[in-house]
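For reference, the structure is listed below as structure tokens.
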Amino acid sequence: MPSTNIILMGPPGSGKGTQAVRIAQRYHVPIISTGDILRATARSGSALGLELRAIMASGGLVSDGMMVDLVRERLQRSDATAGFILDGFPRTVGQAGALAEMLGGRPVVAVVLEVPDQDLEARLDSRRICLKCRAVYHSGTRLGSEAETCARCGVALIKRDDDNLEVIRTRLQTYHRDTEPVLAYYAERGALVTIDGSPAPDAVTRAIIRAIDARRQVFLPDPGAPRPHASKNVRRS
Ligand code: AMP
């Protein structure tokens, strides 16, 4: 059975969370957001949770070993057999290699949303999120203390602890240093699609869907062809 395996990449604030919800609806696959999973563990208050909270508050990365175990376990669940959207993973070349091993030759498409750093700082600093439906809002006030609620769910919006300018800058540096090489990793394998993340969300969604649909043949088995190695399993367009 072909599976639709989408990796959504891009710097913090580039719109991955917003787009993941829309793309998941279109392809009927679950969203696996490593940031969401880590934040849920951090909220639990366990010793591990406190450790994760400190790492996330610093703008650095959780270890590859822990992330790979977490994603391996999640991908084994039955809802991920027909495909998935990975949001926030892989963030290092080591994680990308481990993912290729986990998938054992199943092809992926890596979609990267590009947005200039200065726009990202403003977007993240004003960002409010709904923990229930993942909706993202942008406050004009930058205060974060006003009672803002989700238009869909009615629950109070939150400002993430790491959405403050100092940590935002570190997260962007971490992205350029550790995660941009992952783009090269997928580009070398013909699996990278670059999308301009600056236009309005609807236009970005349309561009992503067009790009994925144009490459959907990579998810279909090629009858008669020998089973290719993971890194060569995505055809160049
Ligand atoms: P995100 O919600 O994707 O912005 O992730 C929030 C924070 O969780 C990041 O700044 C990292 O500290 C941590 N994190 C999420 N995903 C990963 C990953 N794949 N590898 C390492 N750290 C991660």
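Identifiers in this document derive from the order of the structure tokens: chains are assigned A, B, ..., residues are numbered from 1 separately in each chain, and ligands are numbered from 1 in order of occurrence.
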
Exercise for the section: Within region 16-232 of chain A, find each residue whose DSSP state, derived from the backbone, is strand (DSSP E or B), and express the selection as a PyMOL selection string. Expected result: chain A and resi 31-33+83-87+109-114+127-129+136-138+149+156+158+192-196

Handout entry: Distance filter 7 Å around ligand 1, atoms: only C-alpha atoms and all ligand atoms, out as a ChimeraX atom specification
Key = /A:12,33-36,38,55-56,59-64,67,87-91,171

Completion exercise
CA of Gly10 (chain A) sits from CA of Ala187 (chain A) at a separation of 14.0 Å

Practice task
Could you please write out, as a ChimeraX atom specification, every residue of region 34-199 of chain A that DSSP assigns to helix (DSSP H, G or I)?
Solution key: /A:34-43,47-58,64-75,78-80,93-103,117-125,165-188

Exercise for the section: Check the smallest atom-to-atom distance from each of A:Ile7, A:Met66, A:Ile158, A:Leu120 to Tyr137 (chain A) using only C-alpha atoms, then report the winner. Expected result: A:Ile158

Handout entry: Near-Ile129 (chain A) list (6 Å; only C-alpha atoms; drop same-chain fewer than 6 positions) as a ChimeraX atom specification
Key = /A:135-136,157-158

Output C-alpha atoms for every residue in the selection just made, as a PDB file, in the first residue's frame.
ATOM      1  CA  ALA A 135      -4.951  27.507  15.484  1.00  0.00           C
ATOM      2  CA  VAL A 136      -2.342  30.269  15.321  1.00  0.00           C
ATOM      3  CA  LEU A 157      -4.937  31.514  23.679  1.00  0.00           C
ATOM      4  CA  ILE A 158      -1.433  31.148  25.030  1.00  0.00           C
TER       5      ILE A 158
END

Spatial neighbours of region 207-218 of chain A, 12 Å, only C-alpha atoms, chain gap at least 4 places, as a JSON list (two decimals) with all heavy atoms, in the first residue's frame:
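This is the output file out_7.json:
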[["chain", "number", "residue", "atom", "x", "y", "z"],
["A", 2, "PRO", "N", 0.65, 2.19, -0.95],
["A", 2, "PRO", "CA", 1.45, 3.42, -0.93],
["A", 2, "PRO", "C", 1.10, 4.25, 0.30],
["A", 2, "PRO", "O", -0.03, 4.22, 0.76],
["A", 2, "PRO", "CB", 1.04, 4.14, -2.21],
["A", 2, "PRO", "CG", -0.29, 3.57, -2.56],
["A", 2, "PRO", "CD", -0.33, 2.17, -2.03],
["A", 3, "SER", "N", 2.07, 4.96, 0.83],
["A", 3, "SER", "CA", 1.78, 5.83, 1.96],
["A", 3, "SER", "C", 2.27, 7.23, 1.64],
["A", 3, "SER", "O", 3.26, 7.39, 0.92],
["A", 3, "SER", "CB", 2.45, 5.29, 3.23],
["A", 3, "SER", "OG", 3.80, 4.99, 2.97],
["A", 4, "THR", "N", 1.56, 8.24, 2.15],
["A", 4, "THR", "CA", 1.87, 9.63, 1.85],
["A", 4, "THR", "C", 2.69, 10.20, 3.00],
["A", 4, "THR", "O", 2.13, 10.58, 4.03],
["A", 4, "THR", "CB", 0.57, 10.43, 1.66],
["A", 4, "THR", "OG1", -0.24, 9.74, 0.71],
["A", 4, "THR", "CG2", 0.84, 11.83, 1.15],
["A", 5, "ASN", "N", 3.99, 10.22, 2.82],
["A", 5, "ASN", "CA", 4.89, 10.60, 3.91],
["A", 5, "ASN", "C", 5.44, 12.00, 3.67],
["A", 5, "ASN", "O", 6.30, 12.18, 2.80],
["A", 5, "ASN", "CB", 6.03, 9.59, 4.01],
["A", 5, "ASN", "CG", 5.51, 8.16, 4.11],
["A", 5, "ASN", "OD1", 4.48, 7.93, 4.75],
["A", 5, "ASN", "ND2", 6.18, 7.24, 3.47],
["A", 6, "ILE", "N", 4.93, 12.95, 4.44],
["A", 6, "ILE", "CA", 5.29, 14.35, 4.19],
["A", 6, "ILE", "C", 6.10, 14.88, 5.38],
["A", 6, "ILE", "O", 5.70, 14.70, 6.54],
["A", 6, "ILE", "CB", 4.01, 15.20, 4.01],
["A", 6, "ILE", "CG1", 3.22, 14.69, 2.80],
["A", 6, "ILE", "CG2", 4.36, 16.68, 3.85],
["A", 6, "ILE", "CD1", 1.78, 15.17, 2.76],
["A", 7, "ILE", "N", 7.21, 15.51, 5.07],
["A", 7, "ILE", "CA", 8.01, 16.16, 6.10],
["A", 7, "ILE", "C", 7.87, 17.66, 5.88],
["A", 7, "ILE", "O", 8.19, 18.17, 4.80],
["A", 7, "ILE", "CB", 9.49, 15.75, 5.96],
["A", 7, "ILE", "CG1", 9.63, 14.24, 6.15],
["A", 7, "ILE", "CG2", 10.35, 16.50, 6.97],
["A", 7, "ILE", "CD1", 11.03, 13.73, 5.85],
["A", 8, "LEU", "N", 7.32, 18.34, 6.87],
["A", 8, "LEU", "CA", 7.11, 19.79, 6.75],
["A", 8, "LEU", "C", 8.25, 20.48, 7.48],
["A", 8, "LEU", "O", 8.44, 20.29, 8.68],
["A", 8, "LEU", "CB", 5.76, 20.13, 7.38],
["A", 8, "LEU", "CG", 5.01, 21.36, 6.89],
["A", 8, "LEU", "CD1", 5.02, 21.49, 5.39],
["A", 8, "LEU", "CD2", 3.58, 21.31, 7.42],
["A", 9, "MET", "N", 9.03, 21.25, 6.71],
["A", 9, "MET", "CA", 10.21, 21.89, 7.29],
["A", 9, "MET", "C", 10.10, 23.41, 7.16],
["A", 9, "MET", "O", 9.22, 23.93, 6.48],
["A", 9, "MET", "CB", 11.47, 21.39, 6.59],
["A", 9, "MET", "CG", 11.66, 19.89, 6.76],
["A", 9, "MET", "SD", 13.28, 19.35, 6.20],
["A", 9, "MET", "CE", 14.33, 20.21, 7.36],
["A", 15, "GLY", "N", 5.10, 28.89, 9.56],
["A", 15, "GLY", "CA", 3.72, 28.49, 9.25],
["A", 15, "GLY", "C", 3.52, 26.99, 9.19],
["A", 15, "GLY", "O", 2.48, 26.52, 8.73],
["A", 16, "LYS", "N", 4.49, 26.21, 9.70],
["A", 16, "LYS", "CA", 4.38, 24.75, 9.62],
["A", 16, "LYS", "C", 3.13, 24.24, 10.34],
["A", 16, "LYS", "O", 2.41, 23.40, 9.81],
["A", 16, "LYS", "CB", 5.61, 24.08, 10.24],
["A", 16, "LYS", "CG", 6.91, 24.38, 9.53],
["A", 16, "LYS", "CD", 8.04, 23.52, 10.07],
["A", 16, "LYS", "CE", 8.38, 23.77, 11.53],
["A", 16, "LYS", "NZ", 8.91, 25.11, 11.82],
["A", 19, "GLN", "N", -0.07, 25.11, 8.39],
["A", 19, "GLN", "CA", -0.16, 24.35, 7.14],
["A", 19, "GLN", "C", -0.34, 22.86, 7.42],
["A", 19, "GLN", "O", -1.04, 22.18, 6.67],
["A", 19, "GLN", "CB", 1.08, 24.60, 6.28],
["A", 19, "GLN", "CG", 1.22, 26.03, 5.81],
["A", 19, "GLN", "CD", 0.02, 26.51, 4.98],
["A", 19, "GLN", "OE1", -0.64, 25.72, 4.30],
["A", 19, "GLN", "NE2", -0.27, 27.80, 5.04],
["A", 20, "ALA", "N", 0.25, 22.35, 8.49],
["A", 20, "ALA", "CA", 0.13, 20.92, 8.80],
["A", 20, "ALA", "C", -1.34, 20.54, 8.96],
["A", 20, "ALA", "O", -1.79, 19.51, 8.44],
["A", 20, "ALA", "CB", 0.91, 20.58, 10.07],
["A", 22, "ARG", "N", -3.98, 21.91, 7.62],
["A", 22, "ARG", "CA", -4.67, 21.93, 6.32],
["A", 22, "ARG", "C", -4.24, 20.75, 5.44],
["A", 22, "ARG", "O", -5.08, 20.13, 4.77],
["A", 22, "ARG", "CB", -4.34, 23.24, 5.60],
["A", 22, "ARG", "CG", -4.92, 24.45, 6.33],
["A", 22, "ARG", "CD", -4.11, 25.69, 6.03],
["A", 22, "ARG", "NE", -4.73, 26.88, 6.56],
["A", 22, "ARG", "CZ", -5.16, 27.89, 5.80],
["A", 22, "ARG", "NH1", -5.02, 27.84, 4.50],
["A", 22, "ARG", "NH2", -5.72, 28.93, 6.36],
["A", 23, "ILE", "N", -2.97, 20.45, 5.46],
["A", 23, "ILE", "CA", -2.45, 19.37, 4.60],
["A", 23, "ILE", "C", -2.93, 18.01, 5.12],
["A", 23, "ILE", "O", -3.25, 17.10, 4.36],
["A", 23, "ILE", "CB", -0.89, 19.41, 4.57],
["A", 23, "ILE", "CG1", -0.38, 20.79, 4.13],
["A", 23, "ILE", "CG2", -0.31, 18.34, 3.68],
["A", 23, "ILE", "CD1", -0.86, 21.24, 2.81],
["A", 24, "ALA", "N", -3.02, 17.89, 6.45],
["A", 24, "ALA", "CA", -3.50, 16.64, 7.05],
["A", 24, "ALA", "C", -4.94, 16.36, 6.63],
["A", 24, "ALA", "O", -5.31, 15.22, 6.35],
["A", 24, "ALA", "CB", -3.40, 16.71, 8.57],
["A", 25, "GLN", "N", -5.75, 17.43, 6.58],
["A", 25, "GLN", "CA", -7.15, 17.24, 6.16],
["A", 25, "GLN", "C", -7.22, 16.78, 4.72],
["A", 25, "GLN", "O", -8.01, 15.93, 4.35],
["A", 25, "GLN", "CB", -7.92, 18.56, 6.31],
["A", 25, "GLN", "CG", -8.34, 18.82, 7.75],
["A", 25, "GLN", "CD", -8.76, 20.25, 7.99],
["A", 25, "GLN", "OE1", -8.72, 21.09, 7.08],
["A", 25, "GLN", "NE2", -9.17, 20.55, 9.22],
["A", 26, "ARG", "N", -6.36, 17.33, 3.91],
["A", 26, "ARG", "CA", -6.39, 17.03, 2.47],
["A", 26, "ARG", "C", -5.95, 15.59, 2.20],
["A", 26, "ARG", "O", -6.53, 14.90, 1.37],
["A", 26, "ARG", "CB", -5.46, 18.02, 1.77],
["A", 26, "ARG", "CG", -4.99, 17.63, 0.45],
["A", 26, "ARG", "CD", -5.91, 18.07, -0.64],
["A", 26, "ARG", "NE", -5.24, 17.73, -1.88],
["A", 26, "ARG", "CZ", -5.80, 17.58, -3.03],
["A", 26, "ARG", "NH1", -7.01, 17.75, -3.14],
["A", 26, "ARG", "NH2", -5.12, 17.28, -4.08],
["A", 27, "TYR", "N", -4.93, 15.09, 2.91],
["A", 27, "TYR", "CA", -4.39, 13.76, 2.60],
["A", 27, "TYR", "C", -4.80, 12.69, 3.63],
["A", 27, "TYR", "O", -4.37, 11.55, 3.51],
["A", 27, "TYR", "CB", -2.87, 13.82, 2.45],
["A", 27, "TYR", "CG", -2.44, 14.69, 1.29],
["A", 27, "TYR", "CD1", -1.92, 15.96, 1.50],
["A", 27, "TYR", "CD2", -2.61, 14.26, -0.02],
["A", 27, "TYR", "CE1", -1.56, 16.78, 0.43],
["A", 27, "TYR", "CE2", -2.26, 15.07, -1.09],
["A", 27, "TYR", "CZ", -1.73, 16.33, -0.86],
["A", 27, "TYR", "OH", -1.39, 17.13, -1.91],
["A", 85, "ILE", "N", 2.32, 13.44, 8.48],
["A", 85, "ILE", "CA", 3.01, 14.72, 8.29],
["A", 85, "ILE", "C", 3.90, 14.90, 9.50],
["A", 85, "ILE", "O", 3.42, 14.96, 10.64],
["A", 85, "ILE", "CB", 2.02, 15.89, 8.22],
["A", 85, "ILE", "CG1", 1.11, 15.72, 7.00],
["A", 85, "ILE", "CG2", 2.77, 17.23, 8.14],
["A", 85, "ILE", "CD1", 0.04, 16.78, 6.92],
["A", 105, "GLY", "N", 13.00, 2.49, 3.17],
["A", 105, "GLY", "CA", 12.83, 2.60, 1.72],
["A", 105, "GLY", "C", 11.54, 3.27, 1.29],
["A", 105, "GLY", "O", 11.35, 3.55, 0.12],
["A", 106, "ARG", "N", 10.61, 3.48, 2.26],
["A", 106, "ARG", "CA", 9.37, 4.19, 1.86],
["A", 106, "ARG", "C", 9.73, 5.64, 1.53],
["A", 106, "ARG", "O", 10.46, 6.29, 2.28],
["A", 106, "ARG", "CB", 8.34, 4.15, 2.99],
["A", 106, "ARG", "CG", 7.55, 2.83, 3.01],
["A", 106, "ARG", "CD", 6.49, 2.88, 4.08],
["A", 106, "ARG", "NE", 7.03, 2.68, 5.41],
["A", 106, "ARG", "CZ", 6.47, 3.13, 6.52],
["A", 106, "ARG", "NH1", 5.36, 3.83, 6.48],
["A", 106, "ARG", "NH2", 7.03, 2.89, 7.69],
["A", 107, "PRO", "N", 9.23, 6.18, 0.40],
["A", 107, "PRO", "CA", 9.64, 7.52, -0.02],
["A", 107, "PRO", "C", 9.01, 8.62, 0.82],
["A", 107, "PRO", "O", 7.95, 8.45, 1.42],
["A", 107, "PRO", "CB", 9.15, 7.61, -1.45],
["A", 107, "PRO", "CG", 8.01, 6.65, -1.52],
["A", 107, "PRO", "CD", 8.31, 5.55, -0.55],
["A", 108, "VAL", "N", 9.67, 9.77, 0.83],
["A", 108, "VAL", "CA", 9.14, 10.96, 1.52],
["A", 108, "VAL", "C", 9.22, 12.16, 0.57],
["A", 108, "VAL", "O", 9.99, 12.15, -0.38],
["A", 108, "VAL", "CB", 9.97, 11.32, 2.79],
["A", 108, "VAL", "CG1", 9.91, 10.21, 3.82],
["A", 108, "VAL", "CG2", 11.40, 11.66, 2.44],
["A", 109, "VAL", "N", 8.41, 13.16, 0.88],
["A", 109, "VAL", "CA", 8.58, 14.47, 0.25],
["A", 109, "VAL", "C", 8.81, 15.47, 1.38],
["A", 109, "VAL", "O", 8.03, 15.52, 2.33],
["A", 109, "VAL", "CB", 7.35, 14.87, -0.58],
["A", 109, "VAL", "CG1", 7.42, 16.33, -0.97],
["A", 109, "VAL", "CG2", 7.27, 14.03, -1.85],
["A", 110, "ALA", "N", 9.91, 16.21, 1.30],
["A", 110, "ALA", "CA", 10.21, 17.23, 2.30],
["A", 110, "ALA", "C", 9.83, 18.59, 1.72],
["A", 110, "ALA", "O", 10.36, 19.00, 0.69],
["A", 110, "ALA", "CB", 11.69, 17.18, 2.65],
["A", 111, "VAL", "N", 8.88, 19.25, 2.38],
["A", 111, "VAL", "CA", 8.41, 20.56, 1.93],
["A", 111, "VAL", "C", 8.97, 21.61, 2.88],
["A", 111, "VAL", "O", 8.73, 21.54, 4.08],
["A", 111, "VAL", "CB", 6.86, 20.62, 1.97],
["A", 111, "VAL", "CG1", 6.36, 22.00, 1.58],
["A", 111, "VAL", "CG2", 6.25, 19.56, 1.06],
["A", 112, "VAL", "N", 9.73, 22.56, 2.35],
["A", 112, "VAL", "CA", 10.30, 23.61, 3.22],
["A", 112, "VAL", "C", 9.63, 24.95, 2.92],
["A", 112, "VAL", "O", 9.52, 25.36, 1.77],
["A", 112, "VAL", "CB", 11.83, 23.71, 3.11],
["A", 112, "VAL", "CG1", 12.30, 23.99, 1.70],
["A", 112, "VAL", "CG2", 12.37, 24.77, 4.06],
["A", 113, "LEU", "N", 9.17, 25.60, 4.00],
["A", 113, "LEU", "CA", 8.56, 26.92, 3.87],
["A", 113, "LEU", "C", 9.63, 27.97, 4.14],
["A", 113, "LEU", "O", 10.24, 27.98, 5.21],
["A", 113, "LEU", "CB", 7.43, 27.08, 4.90],
["A", 113, "LEU", "CG", 6.33, 26.01, 4.84],
["A", 113, "LEU", "CD1", 5.28, 26.27, 5.92],
["A", 113, "LEU", "CD2", 5.67, 25.99, 3.47],
["A", 190, "GLY", "N", 16.73, 14.41, -4.16],
["A", 190, "GLY", "CA", 15.63, 14.79, -5.06],
["A", 190, "GLY", "C", 14.29, 14.84, -4.36],
["A", 190, "GLY", "O", 13.23, 14.75, -5.00],
["A", 191, "ALA", "N", 14.29, 14.98, -3.04],
["A", 191, "ALA", "CA", 13.04, 14.89, -2.29],
["A", 191, "ALA", "C", 12.60, 16.23, -1.70],
["A", 191, "ALA", "O", 11.65, 16.28, -0.92],
["A", 191, "ALA", "CB", 13.19, 13.87, -1.16],
["A", 192, "LEU", "N", 13.28, 17.33, -2.07],
["A", 192, "LEU", "CA", 12.97, 18.62, -1.44],
["A", 192, "LEU", "C", 12.12, 19.49, -2.36],
["A", 192, "LEU", "O", 12.40, 19.63, -3.54],
["A", 192, "LEU", "CB", 14.27, 19.37, -1.11],
["A", 192, "LEU", "CG", 14.08, 20.64, -0.28],
["A", 192, "LEU", "CD1", 13.71, 20.28, 1.16],
["A", 192, "LEU", "CD2", 15.32, 21.52, -0.30],
["A", 193, "VAL", "N", 11.07, 20.08, -1.76],
["A", 193, "VAL", "CA", 10.24, 21.05, -2.47],
["A", 193, "VAL", "C", 10.31, 22.35, -1.67],
["A", 193, "VAL", "O", 10.06, 22.34, -0.46],
["A", 193, "VAL", "CB", 8.77, 20.59, -2.52],
["A", 193, "VAL", "CG1", 7.89, 21.67, -3.11],
["A", 193, "VAL", "CG2", 8.64, 19.30, -3.30],
["A", 194, "THR", "N", 10.66, 23.47, -2.31],
["A", 194, "THR", "CA", 10.77, 24.74, -1.61],
["A", 194, "THR", "C", 9.55, 25.61, -1.94],
["A", 194, "THR", "O", 9.21, 25.80, -3.11],
["A", 194, "THR", "CB", 12.06, 25.48, -2.03],
["A", 194, "THR", "OG1", 13.16, 24.62, -1.75],
["A", 194, "THR", "CG2", 12.24, 26.78, -1.27],
["A", 195, "ILE", "N", 8.90, 26.12, -0.89],
["A", 195, "ILE", "CA", 7.68, 26.92, -1.06],
["A", 195, "ILE", "C", 7.90, 28.28, -0.39],
["A", 195, "ILE", "O", 8.43, 28.34, 0.74],
["A", 195, "ILE", "CB", 6.47, 26.22, -0.37],
["A", 195, "ILE", "CG1", 6.24, 24.81, -0.94],
["A", 195, "ILE", "CG2", 5.21, 27.07, -0.43],
["A", 195, "ILE", "CD1", 5.60, 24.74, -2.30],
["A", 196, "ASP", "N", 7.46, 29.35, -1.04],
["A", 196, "ASP", "CA", 7.52, 30.68, -0.44],
["A", 196, "ASP", "C", 6.45, 30.75, 0.66],
["A", 196, "ASP", "O", 5.25, 30.64, 0.37],
["A", 196, "ASP", "CB", 7.27, 31.73, -1.53],
["A", 196, "ASP", "CG", 7.31, 33.15, -0.98],
["A", 196, "ASP", "OD1", 7.55, 33.33, 0.23],
["A", 196, "ASP", "OD2", 7.10, 34.09, -1.79],
["A", 197, "GLY", "N", 6.89, 30.91, 1.92],
["A", 197, "GLY", "CA", 5.96, 30.92, 3.04],
["A", 197, "GLY", "C", 5.45, 32.31, 3.38],
["A", 197, "GLY", "O", 4.73, 32.46, 4.38],
["A", 198, "SER", "N", 5.80, 33.33, 2.59],
["A", 198, "SER", "CA", 5.40, 34.70, 2.93],
["A", 198, "SER", "C", 3.96, 35.07, 2.54],
["A", 198, "SER", "O", 3.35, 35.86, 3.25],
["A", 198, "SER", "CB", 6.36, 35.71, 2.29],
["A", 198, "SER", "OG", 7.61, 35.61, 2.93],
["A", 199, "PRO", "N", 3.41, 34.54, 1.44],
["A", 199, "PRO", "CA", 2.03, 34.93, 1.09],
["A", 199, "PRO", "C", 1.01, 34.51, 2.16],
["A", 199, "PRO", "O", 1.37, 33.82, 3.12],
["A", 199, "PRO", "CB", 1.78, 34.19, -0.23],
["A", 199, "PRO", "CG", 3.11, 33.84, -0.76],
["A", 199, "PRO", "CD", 4.00, 33.66, 0.43],
["A", 200, "ALA", "N", -0.26, 34.90, 1.95],
["A", 200, "ALA", "CA", -1.33, 34.55, 2.90],
["A", 200, "ALA", "C", -1.44, 33.03, 3.01],
["A", 200, "ALA", "O", -1.14, 32.31, 2.04],
["A", 200, "ALA", "CB", -2.64, 35.15, 2.41],
["A", 201, "PRO", "N", -1.87, 32.51, 4.18],
["A", 201, "PRO", "CA", -1.90, 31.06, 4.41],
["A", 201, "PRO", "C", -2.63, 30.25, 3.32],
["A", 201, "PRO", "O", -2.15, 29.19, 2.93],
["A", 201, "PRO", "CB", -2.64, 30.93, 5.76],
["A", 201, "PRO", "CG", -2.35, 32.21, 6.46],
["A", 201, "PRO", "CD", -2.25, 33.27, 5.39],
["A", 202, "ASP", "N", -3.75, 30.76, 2.79],
["A", 202, "ASP", "CA", -4.48, 30.01, 1.76],
["A", 202, "ASP", "C", -3.62, 29.80, 0.52],
["A", 202, "ASP", "O", -3.63, 28.73, -0.08],
["A", 202, "ASP", "CB", -5.76, 30.76, 1.34],
["A", 202, "ASP", "CG", -6.85, 30.63, 2.39],
["A", 202, "ASP", "OD1", -6.66, 29.84, 3.34],
["A", 202, "ASP", "OD2", -7.89, 31.31, 2.25],
["A", 203, "ALA", "N", -2.88, 30.85, 0.14],
["A", 203, "ALA", "CA", -2.04, 30.75, -1.06],
["A", 203, "ALA", "C", -0.90, 29.76, -0.81],
["A", 203, "ALA", "O", -0.52, 28.98, -1.70],
["A", 203, "ALA", "CB", -1.48, 32.12, -1.42],
["A", 222, "ASP", "N", 6.20, 1.20, -8.13],
["A", 222, "ASP", "CA", 6.50, 1.09, -9.55],
["A", 222, "ASP", "C", 6.55, -0.40, -9.86],
["A", 222, "ASP", "O", 7.53, -1.07, -9.54],
["A", 222, "ASP", "CB", 7.87, 1.76, -9.80],
["A", 222, "ASP", "CG", 8.22, 1.76, -11.27],
["A", 222, "ASP", "OD1", 7.42, 1.24, -12.07],
["A", 222, "ASP", "OD2", 9.31, 2.28, -11.60],
["A", 228, "PRO", "N", 14.00, 0.07, -4.62],
["A", 228, "PRO", "CA", 15.21, 0.90, -4.52],
["A", 228, "PRO", "C", 15.62, 1.18, -3.09],
["A", 228, "PRO", "O", 14.82, 1.02, -2.17],
["A", 228, "PRO", "CB", 14.82, 2.19, -5.23],
["A", 228, "PRO", "CG", 13.33, 2.20, -5.28],
["A", 228, "PRO", "CD", 12.81, 0.84, -4.95],
["A", 230, "ALA", "N", 16.49, 3.50, 0.11],
["A", 230, "ALA", "CA", 15.71, 4.64, 0.62],
["A", 230, "ALA", "C", 16.11, 5.96, -0.01],
["A", 230, "ALA", "O", 15.27, 6.74, -0.43],
["A", 230, "ALA", "CB", 15.89, 4.72, 2.13],
["A", 232, "LYS", "N", 17.27, 6.66, -2.78],
["A", 232, "LYS", "CA", 17.06, 6.86, -4.23],
["A", 232, "LYS", "C", 15.59, 6.65, -4.59],
["A", 232, "LYS", "O", 15.24, 6.57, -5.75],
["A", 232, "LYS", "CB", 17.92, 5.87, -5.00],
["A", 232, "LYS", "CG", 19.38, 6.14, -4.82],
["A", 232, "LYS", "CD", 20.18, 5.20, -5.67],
["A", 232, "LYS", "CE", 21.65, 5.41, -5.39],
["A", 232, "LYS", "NZ", 22.36, 4.15, -5.32],
["A", 233, "ASN", "N", 14.75, 6.55, -3.57],
["A", 233, "ASN", "CA", 13.39, 6.14, -3.83],
["A", 233, "ASN", "C", 12.47, 7.28, -4.23],
["A", 233, "ASN", "O", 11.29, 7.09, -4.42],
["A", 233, "ASN", "CB", 12.82, 5.42, -2.59],
["A", 233, "ASN", "CG", 11.68, 4.49, -2.95],
["A", 233, "ASN", "OD1", 11.46, 4.22, -4.14],
["A", 233, "ASN", "ND2", 10.97, 4.03, -1.95],
["A", 234, "VAL", "N", 12.99, 8.48, -4.30],
["A", 234, "VAL", "CA", 12.18, 9.62, -4.71],
["A", 234, "VAL", "C", 12.71, 10.07, -6.07],
["A", 234, "VAL", "O", 13.87, 10.39, -6.23],
["A", 234, "VAL", "CB", 12.29, 10.75, -3.68],
["A", 234, "VAL", "CG1", 11.55, 11.98, -4.17],
["A", 234, "VAL", "CG2", 11.72, 10.30, -2.34],
["A", 235, "ARG", "N", 11.81, 10.07, -7.04],
["A", 235, "ARG", "CA", 12.26, 10.43, -8.39],
["A", 235, "ARG", "C", 12.44, 11.93, -8.51],
["A", 235, "ARG", "O", 11.69, 12.71, -7.93],
["A", 235, "ARG", "CB", 11.21, 10.00, -9.41],
["A", 235, "ARG", "CG", 11.10, 8.51, -9.51],
["A", 235, "ARG", "CD", 10.01, 8.18, -10.51],
["A", 235, "ARG", "NE", 9.57, 6.82, -10.27],
["A", 235, "ARG", "CZ", 8.36, 6.37, -10.57],
["A", 235, "ARG", "NH1", 7.48, 7.17, -11.10],
["A", 235, "ARG", "NH2", 8.05, 5.14, -10.32],
["A", 236, "ARG", "N", 13.40, 12.32, -9.29],
["A", 236, "ARG", "CA", 13.59, 13.73, -9.56],
["A", 236, "ARG", "C", 12.55, 14.18, -10.57],
["A", 236, "ARG", "O", 12.23, 13.43, -11.48],
["A", 236, "ARG", "CB", 14.98, 13.99, -10.13],
["A", 236, "ARG", "CG", 16.04, 13.89, -9.09],
["A", 236, "ARG", "CD", 17.41, 13.75, -9.70],
["A", 236, "ARG", "NE", 18.31, 13.13, -8.76],
["A", 236, "ARG", "CZ", 18.96, 13.82, -7.81],
["A", 236, "ARG", "NH1", 18.78, 15.10, -7.67],
["A", 236, "ARG", "NH2", 19.75, 13.20, -6.97],
["A", 237, "SER", "N", 12.01, 15.40, -10.40],
["A", 237, "SER", "CA", 11.03, 15.87, -11.37],
["A", 237, "SER", "C", 11.75, 16.61, -12.47],
["A", 237, "SER", "O", 12.91, 16.96, -12.35],
["A", 237, "SER", "CB", 10.02, 16.77, -10.71],
["A", 237, "SER", "OG", 10.69, 17.83, -10.08]]

Problem - Counting only C-alpha atoms, the residue of A:Thr81, A:Thr149, A:Ser139, A:Thr92 that sits nearest His176 (chain A) - result: A:Thr92

Problem - Nearby residues (only C-alpha atoms) at most 10 Å from region 39-42 of chain A, same-chain spacing under 2 positions excluded, as a list of chain:residue names - result: A:Thr34, A:Gly35, A:Asp36, A:Ile37, A:Ser44, A:Gly45, A:Ser46, A:Ala47, A:Leu48, A:Gly49, A:Leu50, A:Glu51, A:Leu52, A:Arg53, A:Ala54, A:Met56, A:Arg160

Exercise for the section: Between A:Val155, A:Leu103, A:Leu183, A:Ala96, single out the one closest to Gln76 (chain A), counting only C-alpha atoms. Expected result: A:Leu103

Problem - Among listed residues A:Ala98, A:Gly13, A:Val93, A:Asp162, nearest Ala184 (chain A) (using only C-alpha atoms) - result: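 For Ala184 (chain A), the nearest of the candidates is A:Val93.
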
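Taking CA of Ile168 (chain A) and CA of Glu114 (chain A) as endpoints, the distance between them is 16.4 Å.
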
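In this structure, CA of Cys153 (chain A) sits 16.4 Å away from CA of His138 (chain A).
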